[in-house]
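Undergrad: Pasting protein07.tsv here (TSV, N, CA, C and O atoms):
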```tsv
chain	number	residue	atom	x	y	z
A	1	MET	N	0.83	-1.18	0.00
A	1	MET	CA	0.00	0.00	0.00
A	1	MET	C	0.88	1.25	0.00
A	1	MET	O	1.83	1.35	0.76
A	2	THR	N	0.57	2.20	-0.86
A	2	THR	CA	1.36	3.41	-0.99
A	2	THR	C	0.89	4.46	-0.01
A	2	THR	O	-0.31	4.71	0.14
A	3	LYS	N	1.86	5.10	0.65
A	3	LYS	CA	1.54	6.19	1.58
A	3	LYS	C	1.29	7.46	0.78
A	3	LYS	O	1.90	7.67	-0.27
A	4	PRO	N	0.42	8.36	1.28
A	4	PRO	CA	0.22	9.64	0.59
A	4	PRO	C	1.50	10.49	0.64
A	4	PRO	O	2.27	10.38	1.58
A	5	ASP	N	1.69	11.27	-0.37
A	5	ASP	CA	2.84	12.18	-0.42
A	5	ASP	C	2.65	13.24	0.67
A	5	ASP	O	1.69	14.01	0.63
A	6	PRO	N	3.55	13.34	1.67
A	6	PRO	CA	3.35	14.27	2.78
A	6	PRO	C	3.40	15.73	2.36
A	6	PRO	O	2.83	16.59	3.03
A	7	ILE	N	4.06	16.04	1.26
A	7	ILE	CA	4.12	17.44	0.82
A	7	ILE	C	2.82	17.84	0.15
A	7	ILE	O	2.22	18.86	0.49
A	8	SER	N	2.35	17.06	-0.79
A	8	SER	CA	1.16	17.45	-1.56
A	8	SER	C	-0.12	17.37	-0.73
A	8	SER	O	-1.13	17.93	-1.11
A	9	THR	N	-0.09	16.67	0.39
A	9	THR	CA	-1.29	16.58	1.22
A	9	THR	C	-1.22	17.49	2.44
A	9	THR	O	-2.13	17.48	3.26
A	10	SER	N	-0.19	18.29	2.55
A	10	SER	CA	-0.04	19.16	3.71
A	10	SER	C	-0.84	20.45	3.54
A	10	SER	O	-1.11	20.89	2.42
A	11	PRO	N	-1.21	21.09	4.65
A	11	PRO	CA	-1.89	22.39	4.57
A	11	PRO	C	-1.04	23.44	3.87
A	11	PRO	O	-1.56	24.34	3.22
A	12	LEU	N	0.29	23.33	3.97
A	12	LEU	CA	1.17	24.29	3.31
A	12	LEU	C	1.05	24.19	1.79
A	12	LEU	O	1.07	25.20	1.10
A	13	ALA	N	0.91	22.98	1.28
A	13	ALA	CA	0.75	22.80	-0.16
A	13	ALA	C	-0.56	23.44	-0.63
A	13	ALA	O	-0.60	24.05	-1.70
A	14	MET	N	-1.60	23.33	0.17
A	14	MET	CA	-2.88	23.95	-0.19
A	14	MET	C	-2.75	25.47	-0.21
A	14	MET	O	-3.31	26.13	-1.09
A	15	GLN	N	-2.01	26.03	0.73
A	15	GLN	CA	-1.81	27.47	0.74
A	15	GLN	C	-1.07	27.92	-0.52
A	15	GLN	O	-1.46	28.91	-1.15
A	16	ALA	N	-0.03	27.19	-0.88
A	16	ALA	CA	0.71	27.53	-2.09
A	16	ALA	C	-0.18	27.42	-3.32
A	16	ALA	O	-0.15	28.29	-4.20
A	17	TYR	N	-0.98	26.38	-3.39
A	17	TYR	CA	-1.90	26.19	-4.52
A	17	TYR	C	-2.89	27.35	-4.62
A	17	TYR	O	-3.14	27.87	-5.72
A	18	GLN	N	-3.46	27.77	-3.51
A	18	GLN	CA	-4.43	28.87	-3.52
A	18	GLN	C	-3.78	30.16	-4.03
A	18	GLN	O	-4.39	30.92	-4.78
A	19	ILE	N	-2.56	30.42	-3.62
A	19	ILE	CA	-1.86	31.62	-4.07
A	19	ILE	C	-1.60	31.56	-5.56
A	19	ILE	O	-1.83	32.53	-6.29
A	20	ILE	N	-1.12	30.42	-6.05
A	20	ILE	CA	-0.89	30.27	-7.49
A	20	ILE	C	-2.20	30.43	-8.26
A	20	ILE	O	-2.24	31.08	-9.30
A	21	LYS	N	-3.26	29.86	-7.74
A	21	LYS	CA	-4.57	29.96	-8.40
A	21	LYS	C	-5.01	31.42	-8.53
A	21	LYS	O	-5.49	31.84	-9.59
A	22	HIS	N	-4.83	32.21	-7.49
A	22	HIS	CA	-5.21	33.63	-7.54
A	22	HIS	C	-4.30	34.39	-8.50
A	22	HIS	O	-4.76	35.21	-9.30
A	23	LEU	N	-2.99	34.14	-8.43
A	23	LEU	CA	-2.06	34.84	-9.32
A	23	LEU	C	-2.27	34.46	-10.78
A	23	LEU	O	-2.03	35.27	-11.67
A	24	ASP	N	-2.70	33.24	-11.02
A	24	ASP	CA	-2.97	32.80	-12.39
A	24	ASP	C	-3.97	33.73	-13.06
A	24	ASP	O	-3.85	34.04	-14.24
A	25	GLN	N	-4.94	34.22	-12.31
A	25	GLN	CA	-5.95	35.14	-12.85
A	25	GLN	C	-5.33	36.49	-13.21
A	25	GLN	O	-5.87	37.21	-14.05
A	26	VAL	N	-4.22	36.83	-12.58
A	26	VAL	CA	-3.61	38.14	-12.76
A	26	VAL	C	-2.49	38.13	-13.80
A	26	VAL	O	-2.44	38.98	-14.67
A	27	VAL	N	-1.60	37.14	-13.68
A	27	VAL	CA	-0.40	37.14	-14.53
A	27	VAL	C	-0.25	35.90	-15.39
A	27	VAL	O	0.69	35.82	-16.18
A	28	GLY	N	-1.12	34.93	-15.22
A	28	GLY	CA	-1.01	33.69	-15.98
A	28	GLY	C	-0.26	32.61	-15.21
A	28	GLY	O	0.48	32.90	-14.27
A	29	THR	N	-0.46	31.39	-15.62
A	29	THR	CA	0.07	30.24	-14.90
A	29	THR	C	1.58	30.22	-14.83
A	29	THR	O	2.16	30.02	-13.76
A	30	VAL	N	2.24	30.44	-15.96
A	30	VAL	CA	3.70	30.36	-15.99
A	30	VAL	C	4.32	31.42	-15.08
A	30	VAL	O	5.21	31.13	-14.28
A	31	GLN	N	3.84	32.66	-15.18
A	31	GLN	CA	4.38	33.72	-14.35
A	31	GLN	C	4.04	33.51	-12.87
A	31	GLN	O	4.85	33.83	-12.00
A	32	ALA	N	2.88	32.98	-12.58
A	32	ALA	CA	2.51	32.71	-11.19
A	32	ALA	C	3.44	31.68	-10.58
A	32	ALA	O	3.93	31.85	-9.46
A	33	GLN	N	3.73	30.61	-11.32
A	33	GLN	CA	4.64	29.59	-10.82
A	33	GLN	C	6.06	30.13	-10.69
A	33	GLN	O	6.76	29.82	-9.72
A	34	ALA	N	6.48	30.95	-11.63
A	34	ALA	CA	7.81	31.56	-11.55
A	34	ALA	C	7.91	32.49	-10.35
A	34	ALA	O	8.92	32.51	-9.65
A	35	TRP	N	6.84	33.25	-10.08
A	35	TRP	CA	6.81	34.16	-8.93
A	35	TRP	C	7.00	33.38	-7.63
A	35	TRP	O	7.73	33.80	-6.74
A	36	MET	N	6.34	32.23	-7.54
A	36	MET	CA	6.42	31.42	-6.32
A	36	MET	C	7.85	30.91	-6.07
A	36	MET	O	8.24	30.68	-4.93
A	37	ALA	N	8.63	30.74	-7.13
A	37	ALA	CA	9.97	30.17	-7.01
A	37	ALA	C	11.08	31.21	-7.07
A	37	ALA	O	12.26	30.85	-6.98
A	38	SER	N	10.71	32.49	-7.17
A	38	SER	CA	11.72	33.55	-7.29
A	38	SER	C	11.86	34.31	-5.98
A	38	SER	O	10.88	34.51	-5.26
A	39	GLY	N	13.08	34.76	-5.71
A	39	GLY	CA	13.30	35.58	-4.53
A	39	GLY	C	12.43	36.83	-4.59
A	39	GLY	O	12.24	37.41	-5.66
A	40	ASN	N	11.89	37.22	-3.45
A	40	ASN	CA	10.96	38.35	-3.40
A	40	ASN	C	11.46	39.38	-2.39
A	40	ASN	O	11.71	39.05	-1.23
A	41	GLU	N	11.59	40.61	-2.85
A	41	GLU	CA	12.07	41.69	-1.99
A	41	GLU	C	11.19	41.88	-0.75
A	41	GLU	O	11.70	42.12	0.34
A	42	MET	N	9.89	41.74	-0.93
A	42	MET	CA	8.97	41.92	0.21
A	42	MET	C	9.11	40.80	1.25
A	42	MET	O	8.65	40.95	2.37
A	43	LEU	N	9.76	39.72	0.86
A	43	LEU	CA	9.96	38.59	1.77
A	43	LEU	C	11.43	38.49	2.18
A	43	LEU	O	11.89	37.43	2.60
A	44	GLY	N	12.15	39.59	2.05
A	44	GLY	CA	13.56	39.60	2.44
A	44	GLY	C	14.44	38.77	1.54
A	44	GLY	O	15.46	38.25	1.97
A	45	GLY	N	14.04	38.61	0.29
A	45	GLY	CA	14.81	37.83	-0.68
A	45	GLY	C	14.43	36.36	-0.71
A	45	GLY	O	14.87	35.63	-1.60
A	46	LEU	N	13.61	35.93	0.21
A	46	LEU	CA	13.14	34.54	0.25
A	46	LEU	C	12.10	34.33	-0.84
A	46	LEU	O	11.39	35.27	-1.22
A	47	THR	N	11.99	33.12	-1.34
A	47	THR	CA	10.92	32.82	-2.30
A	47	THR	C	9.60	32.70	-1.55
A	47	THR	O	9.60	32.37	-0.36
A	48	PRO	N	8.48	32.93	-2.22
A	48	PRO	CA	7.19	32.70	-1.57
A	48	PRO	C	7.04	31.27	-1.06
A	48	PRO	O	6.51	31.05	0.03
A	49	VAL	N	7.54	30.29	-1.81
A	49	VAL	CA	7.48	28.90	-1.35
A	49	VAL	C	8.26	28.75	-0.04
A	49	VAL	O	7.78	28.12	0.91
A	50	GLY	N	9.44	29.33	0.01
A	50	GLY	CA	10.24	29.27	1.23
A	50	GLY	C	9.55	29.94	2.41
A	50	GLY	O	9.58	29.43	3.54
A	51	ALA	N	8.92	31.09	2.13
A	51	ALA	CA	8.21	31.80	3.20
A	51	ALA	C	7.01	30.99	3.69
A	51	ALA	O	6.71	30.98	4.89
A	52	ILE	N	6.33	30.30	2.79
A	52	ILE	CA	5.21	29.45	3.20
A	52	ILE	C	5.73	28.33	4.09
A	52	ILE	O	5.13	28.02	5.12
A	53	LYS	N	6.85	27.74	3.72
A	53	LYS	CA	7.44	26.67	4.54
A	53	LYS	C	7.81	27.18	5.93
A	53	LYS	O	7.77	26.42	6.90
A	54	GLU	N	8.16	28.46	6.02
A	54	GLU	CA	8.48	29.07	7.31
A	54	GLU	C	7.22	29.57	8.03
A	54	GLU	O	7.31	30.25	9.03
A	55	ARG	N	6.07	29.27	7.45
A	55	ARG	CA	4.77	29.64	8.04
A	55	ARG	C	4.56	31.16	8.08
A	55	ARG	O	3.95	31.69	8.98
A	56	ARG	N	5.05	31.84	7.03
A	56	ARG	CA	4.89	33.29	6.90
A	56	ARG	C	3.81	33.61	5.85
A	56	ARG	O	3.98	34.47	5.01
A	57	ILE	N	2.70	32.92	5.94
A	57	ILE	CA	1.65	33.06	4.93
A	57	ILE	C	1.13	34.49	4.82
A	57	ILE	O	0.85	34.97	3.73
A	58	ASP	N	1.03	35.20	5.94
A	58	ASP	CA	0.54	36.59	5.89
A	58	ASP	C	1.47	37.46	5.05
A	58	ASP	O	1.00	38.31	4.28
A	59	ASP	N	2.78	37.25	5.17
A	59	ASP	CA	3.73	38.02	4.37
A	59	ASP	C	3.61	37.67	2.89
A	59	ASP	O	3.69	38.55	2.03
A	60	VAL	N	3.40	36.40	2.60
A	60	VAL	CA	3.25	35.97	1.20
A	60	VAL	C	1.97	36.56	0.61
A	60	VAL	O	1.96	37.02	-0.54
A	61	LEU	N	0.90	36.60	1.39
A	61	LEU	CA	-0.35	37.18	0.90
A	61	LEU	C	-0.19	38.67	0.61
A	61	LEU	O	-0.74	39.18	-0.37
A	62	LYS	N	0.56	39.37	1.43
A	62	LYS	CA	0.82	40.80	1.18
A	62	LYS	C	1.60	40.97	-0.12
A	62	LYS	O	1.30	41.87	-0.92
A	63	ALA	N	2.59	40.11	-0.33
A	63	ALA	CA	3.37	40.19	-1.57
A	63	ALA	C	2.50	39.87	-2.78
A	63	ALA	O	2.63	40.49	-3.84
A	64	LYS	N	1.61	38.90	-2.64
A	64	LYS	CA	0.68	38.55	-3.73
A	64	LYS	C	-0.23	39.74	-4.05
A	64	LYS	O	-0.47	40.05	-5.21
A	65	ARG	N	-0.72	40.40	-3.01
A	65	ARG	CA	-1.59	41.56	-3.22
A	65	ARG	C	-0.85	42.67	-3.95
A	65	ARG	O	-1.42	43.38	-4.78
A	66	ALA	N	0.44	42.83	-3.64
A	66	ALA	CA	1.24	43.85	-4.32
A	66	ALA	C	1.30	43.58	-5.81
A	66	ALA	O	1.20	44.51	-6.62
A	67	VAL	N	1.44	42.32	-6.19
A	67	VAL	CA	1.46	41.95	-7.62
A	67	VAL	C	0.13	42.34	-8.25
A	67	VAL	O	0.09	42.93	-9.33
A	68	ALA	N	-0.96	42.00	-7.60
A	68	ALA	CA	-2.28	42.31	-8.15
A	68	ALA	C	-2.48	43.82	-8.27
A	68	ALA	O	-2.98	44.30	-9.29
A	69	MET	N	-2.07	44.55	-7.24
A	69	MET	CA	-2.25	46.00	-7.28
A	69	MET	C	-1.39	46.63	-8.37
A	69	MET	O	-1.81	47.60	-9.01
A	70	GLU	N	-0.20	46.08	-8.61
A	70	GLU	CA	0.65	46.57	-9.71
A	70	GLU	C	-0.05	46.38	-11.05
A	70	GLU	O	0.16	47.15	-11.98
A	71	LYS	N	-0.88	45.36	-11.16
A	71	LYS	CA	-1.63	45.09	-12.39
A	71	LYS	C	-2.96	45.84	-12.43
A	71	LYS	O	-3.74	45.68	-13.36
A	72	GLY	N	-3.23	46.65	-11.39
A	72	GLY	CA	-4.45	47.44	-11.37
A	72	GLY	C	-5.68	46.70	-10.88
A	72	GLY	O	-6.80	47.12	-11.15
A	73	ILE	N	-5.48	45.61	-10.17
A	73	ILE	CA	-6.61	44.83	-9.65
A	73	ILE	C	-6.76	45.14	-8.18
A	73	ILE	O	-5.84	44.92	-7.39
A	74	PHE	N	-7.91	45.65	-7.82
A	74	PHE	CA	-8.16	46.05	-6.44
A	74	PHE	C	-9.40	45.36	-5.89
A	74	PHE	O	-10.04	45.87	-4.98
A	75	GLU	N	-9.75	44.21	-6.44
A	75	GLU	CA	-10.94	43.48	-6.02
A	75	GLU	C	-10.55	42.26	-5.21
A	75	GLU	O	-9.40	41.85	-5.19
A	76	GLU	N	-11.53	41.66	-4.57
A	76	GLU	CA	-11.31	40.41	-3.84
A	76	GLU	C	-10.80	39.36	-4.81
A	76	GLU	O	-11.19	39.37	-5.96
A	77	PRO	N	-9.96	38.46	-4.44
A	77	PRO	CA	-9.41	38.21	-3.12
A	77	PRO	C	-8.11	38.93	-2.86
A	77	PRO	O	-7.31	38.51	-2.05
A	78	PHE	N	-7.87	40.03	-3.55
A	78	PHE	CA	-6.58	40.67	-3.49
A	78	PHE	C	-6.50	41.85	-2.53
A	78	PHE	O	-5.43	42.36	-2.26
A	79	LEU	N	-7.64	42.33	-2.03
A	79	LEU	CA	-7.59	43.47	-1.12
A	79	LEU	C	-6.93	43.08	0.19
A	79	LEU	O	-7.08	41.97	0.67
A	80	PRO	N	-6.20	44.01	0.80
A	80	PRO	CA	-5.67	43.73	2.14
A	80	PRO	C	-6.82	43.48	3.10
A	80	PRO	O	-7.91	44.03	2.93
A	81	PRO	N	-6.61	42.65	4.12
A	81	PRO	CA	-7.69	42.32	5.05
A	81	PRO	C	-8.38	43.53	5.67
A	81	PRO	O	-9.58	43.51	5.89
A	82	SER	N	-7.65	44.60	5.92
A	82	SER	CA	-8.26	45.77	6.56
A	82	SER	C	-9.25	46.49	5.66
A	82	SER	O	-10.06	47.28	6.12
A	83	LEU	N	-9.23	46.22	4.37
A	83	LEU	CA	-10.14	46.89	3.43
A	83	LEU	C	-11.31	46.02	3.01
A	83	LEU	O	-12.11	46.42	2.18
A	84	LYS	N	-11.42	44.83	3.55
A	84	LYS	CA	-12.50	43.92	3.16
A	84	LYS	C	-13.81	44.37	3.75
A	84	LYS	O	-13.93	44.95	4.75
```
Reformat the file's structure so that it appears as structure tokens.
TA:
Amino acid sequence: MTKPDPISTSPLAMQAYQIIKHLDQVVGTVQAQAWMASGNEMLGGLTPVGAIKERRIDDVLKAKRAVAMEKGIFEEPFLPPSLK
């Protein structure tokens, strides 16, 4: 019997998937995946994936919102929590 993959079934993987899914609407799938794997100034040079692994999801969400706002999108799910 095969054990489930601990990475793909973890809550952290779901968080990463949700972020990619939202960014896909803004910049497309390829750029969303590249963003997740690239160092990010708002995360101190860490990649969003690395920040998620460090349980810094709030920081990653802020960085994701910055991408959306740069593209002129100010609607849900991209608004900062204080503006909801």
Undergrad: Residues at most 7 Å from Met36 of chain A, counting only N, CA, C and O atoms, excluding those fewer than 6 positions away in the same chain, as a PyMOL selection string?
TA: chain A and resi 30+46-50
Undergrad: Could you tell me how far atom C of Gly72 of chain A sits from atom CA of Lys53 of chain A, in Å to one decimal place?
TA: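 Distance reported for this atom pair: 28.5 Å.
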Undergrad: Report, in Å with one decimal, the straight-line distance from atom CA of Gly44 of chain A to atom CA of Arg56 of chain A.
TA: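 Atom CA of Arg56 of chain A lies at a distance of 11.6 Å from atom CA of Gly44 of chain A.
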Undergrad: Between atom N of Ala63 of chain A and atom O of Met42 of chain A, measure the distance and give it in Å to one decimal.
TA: 6.7 Å
Undergrad: Given all atoms listed in the file as the basis, pick out the residue of A:Gln31, A:Asp59, A:Gln25, A:Val67 nearest to Leu43 of chain A.
TA: A:Asp59
Undergrad: Do a neighbour search on segment 27-29 of chain A at 12 Å with only C-alpha atoms, toss out local chain neighbours closer than 3 positions, and write the hits as a ChimeraX atom specification.
TA: /A:17,19-24,32-36,64,67-73
Undergrad: Which of segment 4-74 of chain A counts as helix (DSSP H, G or I) under DSSP, as a ChimeraX atom specification please?
TA: /A:11-27,29-37,41-43,48-53,57-70
